[in-house]
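Reviewing the structure listed below.
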4 protein chains.
Amino acid sequence: MNKPGFLGRRLQGLQRRWQAIAGAEYDEKTAGLRPHLPPEDRPHVGELMRQSLDPRGGEILARSRAAALGRVYLTLNETGRSEFLRMLAQDFDLEAAAVKKALADLNAAKTSGARRKARQALVQATDPPRTTILTRFNALPQGVKFLVDLRADLLPLVKGDAVLASLDDDLKGLLASWFDVDFLQLRRISWNTASGALLEKFMAYEAVHPVESWEDLKNRLDHDRRYFAFFHPRMPDEPLIFLEVALVRGMAGNIQELLDPSAPVGDPRKADTAIFYSISNAQKGLAGISFGGFLIKRVVDELAQEFPGLRTFATLSPLPGFRKWLEGGLRKDEGLFRPAEIKQTRKWVAEEETNQWFGGVLRDALWREDKGIERAVKTALLRLAARYLTAESRSGGGALDPVAHFHLSNGATVERLNWEADVSEKGMKQSAGIMVNYLYNSRRIEENHEAYKGRGKVTTSPSLKNLLKG
Amino acid sequence: MNKPGFLGRRLQGLQRRWQAIAGAEYDEKTAGLRPHLPPEDRPHVGELMRQSLDPRGGEILARSRAAALGRVYLTLNETGRSEFLRMLAQDFDLEAAAVKKALADLNAAKTSGARRKARQALVQATDPPRTTILTRFNALPQGVKFLVDLRADLLPLVKGDAVLASLDDDLKGLLASWFDVDFLQLRRISWNTASGALLEKFMAYEAVHPVESWEDLKNRLDHDRRYFAFFHPRMPDEPLIFLEVALVRGMAGNIQELLDPSAPVGDPRKADTAIFYSISNAQKGLAGISFGGFLIKRVVDELAQEFPGLRTFATLSPLPGFRKWLEGGLRKDEGLFRPAEIKQTRKWVAEEETNQWFGGVLRDALWREDKGIERAVKTALLRLAARYLTAESRSGGGALDPVAHFHLSNGATVERLNWEADVSEKGMKQSAGIMVNYLYNSRRIEENHEAYKGRGKVTTSPSLKNLLKG
Amino acid sequence: MNKPGFLGRRLQGLQRRWQAIAGAEYDEKTAGLRPHLPPEDRPHVGELMRQSLDPRGGEILARSRAAALGRVYLTLNETGRSEFLRMLAQDFDLEAAAVKKALADLNAAKTSGARRKARQALVQATDPPRTTILTRFNALPQGVKFLVDLRADLLPLVKGDAVLASLDDDLKGLLASWFDVDFLQLRRISWNTASGALLEKFMAYEAVHPVESWEDLKNRLDHDRRYFAFFHPRMPDEPLIFLEVALVRGMAGNIQELLDPSAPVGDPRKADTAIFYSISNAQKGLAGISFGGFLIKRVVDELAQEFPGLRTFATLSPLPGFRKWLEGGLRKDEGLFRPAEIKQTRKWVAEEETNQWFGGVLRDALWREDKGIERAVKTALLRLAARYLTAESRSGGGALDPVAHFHLSNGATVERLNWEADVSEKGMKQSAGIMVNYLYNSRRIEENHEAYKGRGKVTTSPSLKNLLKG
Amino acid sequence: MNKPGFLGRRLQGLQRRWQAIAGAEYDEKTAGLRPHLPPEDRPHVGELMRQSLDPRGGEILARSRAAALGRVYLTLNETGRSEFLRMLAQDFDLEAAAVKKALADLNAAKTSGARRKARQALVQATDPPRTTILTRFNALPQGVKFLVDLRADLLPLVKGDAVLASLDDDLKGLLASWFDVDFLQLRRISWNTASGALLEKFMAYEAVHPVESWEDLKNRLDHDRRYFAFFHPRMPDEPLIFLEVALVRGMAGNIQELLDPSAPVGDPRKADTAIFYSISNAQKGLAGISFGGFLIKRVVDELAQEFPGLRTFATLSPLPGFRKWLEGGLRKDEGLFRPAEIKQTRKWVAEEETNQWFGGVLRDALWREDKGIERAVKTALLRLAARYLTAESRSGGGALDPVAHFHLSNGATVERLNWEADVSEKGMKQSAGIMVNYLYNSRRIEENHEAYKGRGKVTTSPSLKNLLKG
């Protein structure tokens with residue numbers, strides 16, 4: 001027997017359980033469907049979809065049929081899944097005519113009883129049949145994970161395809177209800193309690209500072225570190241989002257120092273600052289359903305309780321779009337630099353070629369080898385980074401930088417920029433080695449949030465203001 | 001300090017946690033509201049409701065405000081709660097005008113993108129603001145239980161009040177989604193693992209055969225008994241519904257024997273029959289959201305796996321409406337009896353007074369003291385019980401007896417009637433001491449269900465057919 | 001099948017597991033032995049004992065044979081068990097000759113190597129074969145509980161029987177090693193977590209203030225109460241000893257008030273005093289292996305950590321031998337009373353009949369009905385109680401009162417006597433309604449212990465000293 | 001602060017807990033002792049040892065002092081620990097004079113009561129004070145692990161030092177009692193449940209086939225593998241011994257194939273054979289206290305229950321001393337080869353130089369590159385391996401090979417030799433690439449064990465017999 005991949009093994013599991021749930025008969029009905037779901041096979045699948053809705057035999061059996069349908073989905077390849085989703089999207093949407101009739105009944109209703117009935121009919125008319133089918137996939141073992149993964153399949157197909165996008169509207173709505181943030185469980189992850197399988201997932205899902213080895217992961221779970229994740233009760237082995245924290249003295253300004261496994265372990269009871277240095281979403285299928293802000297707040301609460309000595313809660317974050325933005329400006333020859341800054345570069349380049357020279361400096365990170373160049377460009381780069389974070393905005397409003405947008409939406413302040421803070425390849429390439437501390441001050445969060453959401457105002461510390469002034 | 005009741009203690013718990021969540025400031029805002037919520041206090045509560053919807057400060061803070069609002073609700077008395085619910089019902093419903101506009105936009109949409117957008121707006125227009133408020137109560141510790149209890153408060157007010165009934169439509173919809181049956185956890189309850197607090201709840205919630213003492217409960221959890229319950233992950237200490245099973249040899253036909261604590265304990269591995277002798281809903285606030293059929297199916301699966309020797313799965317159930325129905329017929333002087341049956345009673349009564357005489361026999365259960373009377377009436381009573389179960393129907397269709405309706409909807413068969421099967425006061429009063437076995441035959445369930453749902457056909461065993469023929 | 005009693009059901013369990021351990025063959029060998037173990041059956045049992053020692057087939061099989069032997073023991077009645085224990089005691093003791101030889105070898109040893117060898121032989125020669133057999137009973141499922149129960153069988157037979165007493169010396173030594181106090185687990189017992197089966201045991205084992213109902217037990221586990229027990233890892237469902245605590249304001253002086261289920265529940269965070277009002281051993285077979293002092297110290301630690309506001313740790317204890325001692329003195333016409341006390345009783349009795357009158361007052365607790373009598377006798381009774389606790393000693397030294405001896409050995413102080421503190425039947429009969437607070441002051445424990453152990457000095461509070469002076 | 005090593009961190013933990021147990025005062029008493037325990041510091045330590053015995057203040061305080069003493073031990077370096085152990089060995093042994101007196105009393109005792117008393121005094125006289133001190137170290141958090149580690153320190157010092165060896169006799173006796181095999185918990189280790197910290201220990205402790213990476217370990221925990229370990233209840237995070245099993249079809253004969261992470265995963269339900277391919281002790285301090293046989297038996301039971309299809313339980317084991325033995329014989333020019341075997345090598349070497357040539361072939365594993373040489377030497381090498389396993393014995397009796405001795409003592413059969421079965425560097429160097437299957441046939445175990453223990457008879461399969469005959 002060949003060693004089956006992850007999916008294969010899950011299928012075996014599903015198959016076993018499925019047979020227990022619904023008997024072998026549904027297996028027979030779905031046998032023979034081909035992975036790419038060619039046109040000849042589609043009527044059969046459509047029939048299975050209808051049967052998943054059908055109240056015949058009661059809801060228990062309808063759920064069994066939905067589980068069988070879900071099992072079919074798992075056997076499909078990319079092409080087949082795309083077809084499957086399209087069928088679900090096209091053939092099981094709400095019907096505008098039914099909505100219209102319900103609305104007319106509501107308007108015509110004479111008695112409060114009739115009004116109630118018509119109103120409820122209206123609500124139901126806008127609940128499309130495909131949502132019922134999606135809901136019933138919950139009958140699969142790991143049914144919630146199935147839906148999350150199905151959405152992960154769906155999302156790449158949505159762009160430019162309004163029919164599938166509309167299916168995603170419904171699926172996202174269903175998941176947003178089931179993943180209501182107050183259903184989520186906060187768990188502290190530790191080397192002494194987390195299983196090998198779970199630790200492996202954290203390694204795979206880390207999105208900010210890749211985990212290089214088991215040693216690296218172990219170091220992130222050490223005595224002076226904290227690691228928290230949200231879980232859903234029906235997906236106990238799958239983290240949804242996780243946050244890594246270092247407990248230190250003073251505001252940390254360098255990620256390599258934080259992640260250095262040979263660095264001395266601090267005494268967390270003496271720490272005055274909690275640094276959130278990485279936050280990663282683990283489930284692609286939950287994109288757009290936001291837990292990050294809640295996770296940070298919950299973790300702040302937990303830490304404040306465990307370590308009463310903590311005074312400061314802040315991040316150490318990348319500026320992932322900084323260099324891209326900066327190089328765009330340089331290419332377009334925008335007037336990015338101030339005269340004083342240009343003057344400092346005279347030693348190496350003529351004024352009119354400042355932008356071009358800067359491009360070369362950035363590309364090769366020349367300041368890292370030449371103290372003179374560093375003196376000449378550091379101020380300008382930090383100022384530009386500050387401007388990038390605070391003054392540049394995306395088309396729909398809000399900060400251009402996605403990380404900035406996330407923390408500012410949560411009510412954080414742009415507190416401090418750190419030079420030579422992330423000299424990893426990724427850090428240099430995206431952020432020119434600069435990192436930023438966003439400060440979470442619980443007494444200012446509401447006000448900051450309002451200022452940002454309402455007026456697009458980015459709250460900054462005096463040091464940032466000084467940087468911006470130059 | 002006075003010993004607070006259950007609610008009072010919960011309030012203390014809520015208060016503590018709440019302060020952790022949202023700070024003391026909300027406390028101040030809600031202080032001073034009076035339990036009966038007089039008119040002067042209502043604008044304040046309305047304002048809190050609006051703030052629970054308000055995105056100001058972000059969703060985290062909106063949820064904190066909703067939790068504060070929930071805390072207010074818990075301080076209200078019956079009058080105050082009724083007012084609170086009415087405000088929620090009247091002031092935060094969907095707006096028909098918005099639905100109308102969205103529908104018009106949908107019909108007018110020219111591009112698929114516009115259609116998608118309009119359709120999604122339509123869906124959102126039918127999602128009333130009060131549902132958002134209700135959802136955010138989840139931010140309370142025990143938030144799900146809060147909503148279930150809130151619905152338990154609401155349900156008695158709904159009758160004849162279409163506005164509150166409509167609020168209940170929304171709340172029921174929300175709970176139906178959150179209590180999707182595949183989220184529920186099946187737990188076996190045992191004397192060795194269940195806590196005192198949990199056992200106490202089972203005693204309180206038992207609805208069919210009241211638990212008379214801790215000894216009685218212990219007996220129901222003995223070696224040859226099984227006790228299963230469904231739980232929701234967010235209400236781990238609160239059973240939703242539970243099922244009591246006796247593992248016996250042959251079909252059990254007498255409830256007192258089953259519940260006799262002095263009866264010998266059987267060897268469950270030698271049992272061939274599982275008798276479901278009690279099923280009780282534990283949460284009034286989940287009325288109308290049906291788990292019973294799923295629970296029975298899951299338990300059948302569990303038992304079949306643990307005890308491969310089980311051949312028969314059946315209930316031992318009361319006929320709760322039998323005597324009421326029968327006495328109605330006697331009073332109306334309907335021709336309930338067959339000539340042969342009437343003839344047998346001649347010894348005691350003239351033919352024209354048979355009905356009246358029967359009423360007296362029923363009232364005083366005379367057959368229990370006189371073998372002659374028993375011989376004369378037993379056949380007639382069993383036949384009438386069979387007719388009551390199988391031929392009498394409620395106005396909306398379906399069996400007149402609610403227990404029969406439940407099991408027939410699940411696809412069970414009316415298998416056997418048992419004479420002198422429940423001689424408790426309740427058993428005599430409701431069912432004239434008769435009990436019925438409903439048989440769950442997994443190969444017939446779908447067919448039975450269809451026959452019952454589609455054509456109102458009640459499936460019966462040959463013995464029942466014989467009874468009906470007389 | 002008859003409902004087997006507790007032992008019978010345990011036997012079934014043992015039998016099943018045993019067959020898994022050692023195969024059915026040993027069953028055959030032990031079948032047919034009669035419960036009273038008549039002389040004809042004893043050689044067979046002796047052979048089984050020898051086989052449990054026998055290294056033939058390796059230790060695994062020897063342990064299987066020992067388990068079979070243990071199973072035989074469980075089938076015996078009282079007579080049979082007594083015989084069994086006697087065989088174990090007589091035929092498997094150490095051999096003095098072997099000890100003598102080993103000692104001679106040790107004295108004759110010329111090299112350090114030879115000395116080591118001879119010394120080890122000496123140690124082994126004093127380790128009797130019966131200890132090996134007892135140890136191997138651990139192969140039974142619940143093997144540790146088996147040994148504890150076996151000792152509970154043995155203890156009543158030991159008095160006046162030096163052979164069995166010597167067997168008990170060995171068994172007690174083995175249990176003392178296995179029940180080393182640092183192996184024990186302290187668990188807080190609560191209504192929300194303890195199982196029905198466990199709670200039932202606490203009700204059965206309570207030795208000081210009998211639990212009257214489940215309500216009573218629940219009350220002892222309430223918010224302002226704590227309930228702790230020691231467990232052994234191999235007996236997770238069997239408490240060894242347990243301690244009941246009330247968290248109150250001020251020193252409690254009345255047990256009925258403490259146990260009143262209708263009393264208001266206090267806020268434990270506001271308590272300044274922890275009252276240990278009951279401590280009970282749960283395993284007869286562990287008599288003489290003392291855990292009580294450790295339990296109190298561990299609980300003091302736990303409570304001090306959970307409730308930093310606690311200032312005082314004290315008991316509320318009976319004087320179980322007070323009335324017996326007092327009545328003995330009255331009967332012997334000892335001069336128990338002081339002139340001033342005698343004078344106060346003149347109203348009712350002549351001086352020479354004071355003792356006799358006092359006997360009647362005690363017998364009928366006359367002071368409870370007549371305030372005048374109460375005034376006349378209260379001072380005398382409290383003074384005599386103080387004398388009983390502090391000045392009367394048992395033959396081997398130490399306080400006459402067993403409870404006093406226990407707490408004084410732990411380093412406690414006799415702090416306060418309480419009048420009308422336990423008016424239950426038992427309280428009146430044993431202690432004339434008086435109770436005493438022993439104070440645990442962590443800074444004085446070592447000193448008190450030394451004074452008591454070394455010089456028999458009982459440490460008392462000033463109030464006690466005043467009482468004693470009269 | 002420097003990052004402390006494992007020991008350092010444990011010390012921190014100990015210190016915190018210690019202060020809770022015994023107050024800061026003992027800290028002061030032990031402060032200032034130097035790690036190498038120079039002569040000036042020893043009287044102080046001796047005093048602490050005496051205080052750990054001292055009943056002054058009660059046993060609780062004596063245990064606190066013992067814990068303080070244990071903490072001192074942890075601060076010592078190798079020299080200091082050696083001194084510490086010597087003091088314990090020399091100054092706290094039993095006293096022969098006391099034994100002599102007790103023995104005399106026993107012989108002189110006239111009554112059974114006096115005999116009992118004297119006998120008990122004799123038993124106590126052979127229980128040396130140092131055992132009490134060792135026992136009281138259990139008061140340390142992780143006290144049992146402390147003792148196990150202390151013995152790991154002691155064992156290397158024991159050789160040739162009868163005083164320390166005698167201390168070890170006592171310590172081993174204490175540990176043998178506390179680690180009674182029926183106290184141990186069998187746990188299945190899996191990737192989904194075992195923590196990172198625990199998995200790391202398995203990697204470190206693996207003694208047979210080193211774990212090369214986390215991937216390698218994960219592979220050993222895969223679907224068709226089982227991994228079991230024994231734990232002690234007081235050392236829940238420390239495995240004592242563990243066993244690795246592969247579930248396969250047919251007898252496995254090649255370890256590289258078993259450990260190949262890229263090999264297909266088998267279906268364990270289809271396996272007919274359980275191969276025990278690695279068993280490792282994890283605690284040096286438990287040397288000589290044997291759990292291996294019990295572990296194998298328990299695992300056989302577990303597997304037989306989970307997989308009824310298993311027919312064969314066997315090992316795949318190295319011959320760790322084979323090449324050493326063989327090369328010894330070659331060097332001494334013993335007549336290892338048979339004429340037919342010598343004849344086959346003629347092509348490469350003259351008869352008189354066969355041994356020498358064989359030495360070269362072995363050293364360079366020439367058969368792996370030359371099929372001709374393989375044909376010439378394979379039969380001889382397998383026959384010699386069979387002889388090595390079955391006919392060569394150690395001085396005290398029993399098989400020369402330690403692995404063979406272990407499995408034969410457990411009652412296993414030498415079933416099959418496998419050529420080119422372990423071509424790792426270690427496998428070639430120790431076993432010339434050969435591995436052996438020991439068969440565990442439950443019906444033969446007792447008989448085999450007896451034959452081996454009693455008469456040194458090694459049970460072999462027919463195929464081994466054929467090999468030996470050549």
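If you're wondering about the labels, chains in the structure tokens are A, B, ... by order shown, residues count from 1 in each chain, ligands from 1 in order shown.
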Find the residues around Arg116 in chain B up to 12 Å (only C-alpha atoms counted), leave out those fewer than 4 positions away in its own chain, and share them as a PDB file with N, CA, C and O atoms, in the first residue's frame.
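Everything below was put into out.pdb:
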ATOM      1  N   ALA A  89     -23.252  27.038  -6.263  1.00  0.00           N
ATOM      2  CA  ALA A  89     -23.492  28.482  -6.354  1.00  0.00           C
ATOM      3  C   ALA A  89     -24.662  28.787  -7.280  1.00  0.00           C
ATOM      4  O   ALA A  89     -25.497  29.645  -6.980  1.00  0.00           O
ATOM      5  N   ASP A  93     -29.245  28.972  -5.069  1.00  0.00           N
ATOM      6  CA  ASP A  93     -29.296  30.325  -4.496  1.00  0.00           C
ATOM      7  C   ASP A  93     -30.745  30.642  -4.084  1.00  0.00           C
ATOM      8  O   ASP A  93     -31.668  29.885  -4.376  1.00  0.00           O
ATOM      9  N   LEU A  94     -30.892  31.746  -3.397  1.00  0.00           N
ATOM     10  CA  LEU A  94     -32.239  32.193  -3.061  1.00  0.00           C
ATOM     11  C   LEU A  94     -32.975  32.601  -4.343  1.00  0.00           C
ATOM     12  O   LEU A  94     -32.366  32.855  -5.376  1.00  0.00           O
ATOM     13  N   VAL A 158     -12.691  33.007  -6.453  1.00  0.00           N
ATOM     14  CA  VAL A 158     -13.723  34.025  -6.298  1.00  0.00           C
ATOM     15  C   VAL A 158     -13.443  35.274  -7.121  1.00  0.00           C
ATOM     16  O   VAL A 158     -14.365  35.925  -7.632  1.00  0.00           O
ATOM     17  N   GLY A 160     -13.198  37.927  -9.579  1.00  0.00           N
ATOM     18  CA  GLY A 160     -13.739  38.111 -10.917  1.00  0.00           C
ATOM     19  C   GLY A 160     -14.854  37.148 -11.251  1.00  0.00           C
ATOM     20  O   GLY A 160     -15.338  37.100 -12.377  1.00  0.00           O
ATOM     21  N   ASP A 161     -15.287  36.372 -10.282  1.00  0.00           N
ATOM     22  CA  ASP A 161     -16.385  35.443 -10.553  1.00  0.00           C
ATOM     23  C   ASP A 161     -17.484  35.719  -9.528  1.00  0.00           C
ATOM     24  O   ASP A 161     -17.478  35.213  -8.414  1.00  0.00           O
ATOM     25  N   ALA A 162     -18.428  36.564  -9.930  1.00  0.00           N
ATOM     26  CA  ALA A 162     -19.424  37.049  -8.966  1.00  0.00           C
ATOM     27  C   ALA A 162     -20.304  35.924  -8.446  1.00  0.00           C
ATOM     28  O   ALA A 162     -20.801  35.976  -7.319  1.00  0.00           O
ATOM     29  N   VAL A 163     -20.512  34.884  -9.253  1.00  0.00           N
ATOM     30  CA  VAL A 163     -21.371  33.784  -8.801  1.00  0.00           C
ATOM     31  C   VAL A 163     -20.712  33.062  -7.630  1.00  0.00           C
ATOM     32  O   VAL A 163     -21.335  32.821  -6.593  1.00  0.00           O
ATOM     33  N   LEU A 164     -19.437  32.716  -7.811  1.00  0.00           N
ATOM     34  CA  LEU A 164     -18.725  32.055  -6.718  1.00  0.00           C
ATOM     35  C   LEU A 164     -18.536  33.021  -5.549  1.00  0.00           C
ATOM     36  O   LEU A 164     -18.578  32.625  -4.380  1.00  0.00           O
ATOM     37  N   ALA A 165     -18.325  34.307  -5.852  1.00  0.00           N
ATOM     38  CA  ALA A 165     -18.171  35.289  -4.779  1.00  0.00           C
ATOM     39  C   ALA A 165     -19.424  35.343  -3.929  1.00  0.00           C
ATOM     40  O   ALA A 165     -19.367  35.494  -2.703  1.00  0.00           O
ATOM     41  N   SER A 166     -20.554  35.189  -4.570  1.00  0.00           N
ATOM     42  CA  SER A 166     -21.811  35.220  -3.825  1.00  0.00           C
ATOM     43  C   SER A 166     -21.955  33.966  -2.960  1.00  0.00           C
ATOM     44  O   SER A 166     -22.434  34.041  -1.819  1.00  0.00           O
ATOM     45  N   LEU A 167     -21.519  32.818  -3.496  1.00  0.00           N
ATOM     46  CA  LEU A 167     -21.478  31.611  -2.656  1.00  0.00           C
ATOM     47  C   LEU A 167     -20.584  31.854  -1.445  1.00  0.00           C
ATOM     48  O   LEU A 167     -20.921  31.492  -0.315  1.00  0.00           O
ATOM     49  N   ASP A 168     -19.462  32.526  -1.701  1.00  0.00           N
ATOM     50  CA  ASP A 168     -18.563  32.824  -0.582  1.00  0.00           C
ATOM     51  C   ASP A 168     -19.209  33.763   0.430  1.00  0.00           C
ATOM     52  O   ASP A 168     -18.971  33.643   1.631  1.00  0.00           O
ATOM     53  N   ASP A 169     -20.038  34.695  -0.044  1.00  0.00           N
ATOM     54  CA  ASP A 169     -20.749  35.558   0.911  1.00  0.00           C
ATOM     55  C   ASP A 169     -21.522  34.705   1.910  1.00  0.00           C
ATOM     56  O   ASP A 169     -21.502  34.953   3.116  1.00  0.00           O
ATOM     57  N   ASP A 170     -22.212  33.694   1.389  1.00  0.00           N
ATOM     58  CA  ASP A 170     -23.015  32.841   2.275  1.00  0.00           C
ATOM     59  C   ASP A 170     -22.130  32.003   3.194  1.00  0.00           C
ATOM     60  O   ASP A 170     -22.401  31.867   4.385  1.00  0.00           O
TER      61      ASP A 170
ATOM     62  N   ALA B 102     -33.343  46.917  -1.519  1.00  0.00           N
ATOM     63  CA  ALA B 102     -32.333  45.938  -1.909  1.00  0.00           C
ATOM     64  C   ALA B 102     -32.879  45.045  -3.023  1.00  0.00           C
ATOM     65  O   ALA B 102     -32.166  44.695  -3.973  1.00  0.00           O
ATOM     66  N   LEU B 103     -34.146  44.697  -2.903  1.00  0.00           N
ATOM     67  CA  LEU B 103     -34.752  43.832  -3.920  1.00  0.00           C
ATOM     68  C   LEU B 103     -34.817  44.556  -5.258  1.00  0.00           C
ATOM     69  O   LEU B 103     -34.516  43.969  -6.313  1.00  0.00           O
ATOM     70  N   ASP B 105     -32.841  46.924  -6.215  1.00  0.00           N
ATOM     71  CA  ASP B 105     -31.472  46.993  -6.724  1.00  0.00           C
ATOM     72  C   ASP B 105     -31.091  45.681  -7.390  1.00  0.00           C
ATOM     73  O   ASP B 105     -30.420  45.658  -8.426  1.00  0.00           O
ATOM     74  N   LEU B 106     -31.499  44.591  -6.756  1.00  0.00           N
ATOM     75  CA  LEU B 106     -31.144  43.290  -7.310  1.00  0.00           C
ATOM     76  C   LEU B 106     -31.780  43.107  -8.682  1.00  0.00           C
ATOM     77  O   LEU B 106     -31.124  42.672  -9.639  1.00  0.00           O
ATOM     78  N   ASN B 107     -33.047  43.487  -8.781  1.00  0.00           N
ATOM     79  CA  ASN B 107     -33.724  43.323 -10.066  1.00  0.00           C
ATOM     80  C   ASN B 107     -33.156  44.243 -11.130  1.00  0.00           C
ATOM     81  O   ASN B 107     -33.157  43.913 -12.314  1.00  0.00           O
ATOM     82  N   ALA B 108     -32.648  45.375 -10.682  1.00  0.00           N
ATOM     83  CA  ALA B 108     -32.122  46.336 -11.641  1.00  0.00           C
ATOM     84  C   ALA B 108     -30.676  46.070 -12.016  1.00  0.00           C
ATOM     85  O   ALA B 108     -30.150  46.658 -12.965  1.00  0.00           O
ATOM     86  N   ALA B 109     -30.040  45.185 -11.285  1.00  0.00           N
ATOM     87  CA  ALA B 109     -28.588  45.008 -11.479  1.00  0.00           C
ATOM     88  C   ALA B 109     -28.294  44.507 -12.884  1.00  0.00           C
ATOM     89  O   ALA B 109     -28.941  43.589 -13.381  1.00  0.00           O
ATOM     90  N   LYS B 110     -27.304  45.149 -13.506  1.00  0.00           N
ATOM     91  CA  LYS B 110     -26.983  44.816 -14.899  1.00  0.00           C
ATOM     92  C   LYS B 110     -25.828  43.810 -14.964  1.00  0.00           C
ATOM     93  O   LYS B 110     -25.761  42.989 -15.855  1.00  0.00           O
ATOM     94  N   THR B 111     -24.897  43.945 -14.103  1.00  0.00           N
ATOM     95  CA  THR B 111     -23.719  43.077 -14.160  1.00  0.00           C
ATOM     96  C   THR B 111     -23.804  42.023 -13.053  1.00  0.00           C
ATOM     97  O   THR B 111     -24.521  42.190 -12.070  1.00  0.00           O
ATOM     98  N   SER B 112     -23.054  40.998 -13.261  1.00  0.00           N
ATOM     99  CA  SER B 112     -23.054  39.947 -12.236  1.00  0.00           C
ATOM    100  C   SER B 112     -22.481  40.504 -10.930  1.00  0.00           C
ATOM    101  O   SER B 112     -22.915  40.137  -9.842  1.00  0.00           O
ATOM    102  N   GLN B 120     -26.310  40.468  -1.685  1.00  0.00           N
ATOM    103  CA  GLN B 120     -25.751  40.431  -0.337  1.00  0.00           C
ATOM    104  C   GLN B 120     -26.402  41.516   0.533  1.00  0.00           C
ATOM    105  O   GLN B 120     -26.694  41.290   1.707  1.00  0.00           O
ATOM    106  N   ALA B 121     -26.687  42.665  -0.077  1.00  0.00           N
ATOM    107  CA  ALA B 121     -27.365  43.728   0.664  1.00  0.00           C
ATOM    108  C   ALA B 121     -28.761  43.261   1.084  1.00  0.00           C
ATOM    109  O   ALA B 121     -29.232  43.554   2.191  1.00  0.00           O
ATOM    110  N   LEU B 122     -29.412  42.511   0.189  1.00  0.00           N
ATOM    111  CA  LEU B 122     -30.740  41.982   0.502  1.00  0.00           C
ATOM    112  C   LEU B 122     -30.672  41.016   1.686  1.00  0.00           C
ATOM    113  O   LEU B 122     -31.477  41.088   2.623  1.00  0.00           O
ATOM    114  N   VAL B 123     -29.695  40.131   1.637  1.00  0.00           N
ATOM    115  CA  VAL B 123     -29.536  39.188   2.750  1.00  0.00           C
ATOM    116  C   VAL B 123     -29.326  39.946   4.054  1.00  0.00           C
ATOM    117  O   VAL B 123     -29.932  39.632   5.082  1.00  0.00           O
TER     118      VAL B 123
END
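For Gln256 in chain A, the non-local neighbours within 9 Å, defined as residues at least 2 positions apart in the same chain or in other chains and counting only C-alpha atoms, are Asn254, Leu258, Leu259, Asp260, Ala421, Asp422, Val423 and Ser424 of chain A.
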- Task: List every residue of range 264-372 of chain D that DSSP, applied to the backbone of this structure, places in strand (DSSP E), and write the result as a VMD selection string.
- Result: chain D and resid 273 to 281 312 to 315
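Between CA of Glu40 in chain D and CA of Arg151 in chain D lies a distance of 25.4 Å.
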- Option closest in space to Asp182 in chain B, from B:Gly398, B:Gly80, B:Pro233, B:Pro261 [counting only C-alpha atoms]: B:Pro233
- Task: Extract, using only C-alpha atoms, all DNA, RNA and protein residues at most 12 Å from Lys465 in chain D, discarding same-chain residues fewer than 5 positions from it, and format them as a ChimeraX atom specification.
- Result: /D:382-383,386-387,389-391,413-417,458-460,470
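Note that CA of Ala451 in chain B and CA of Leu400 in chain B are 16.5 Å apart.
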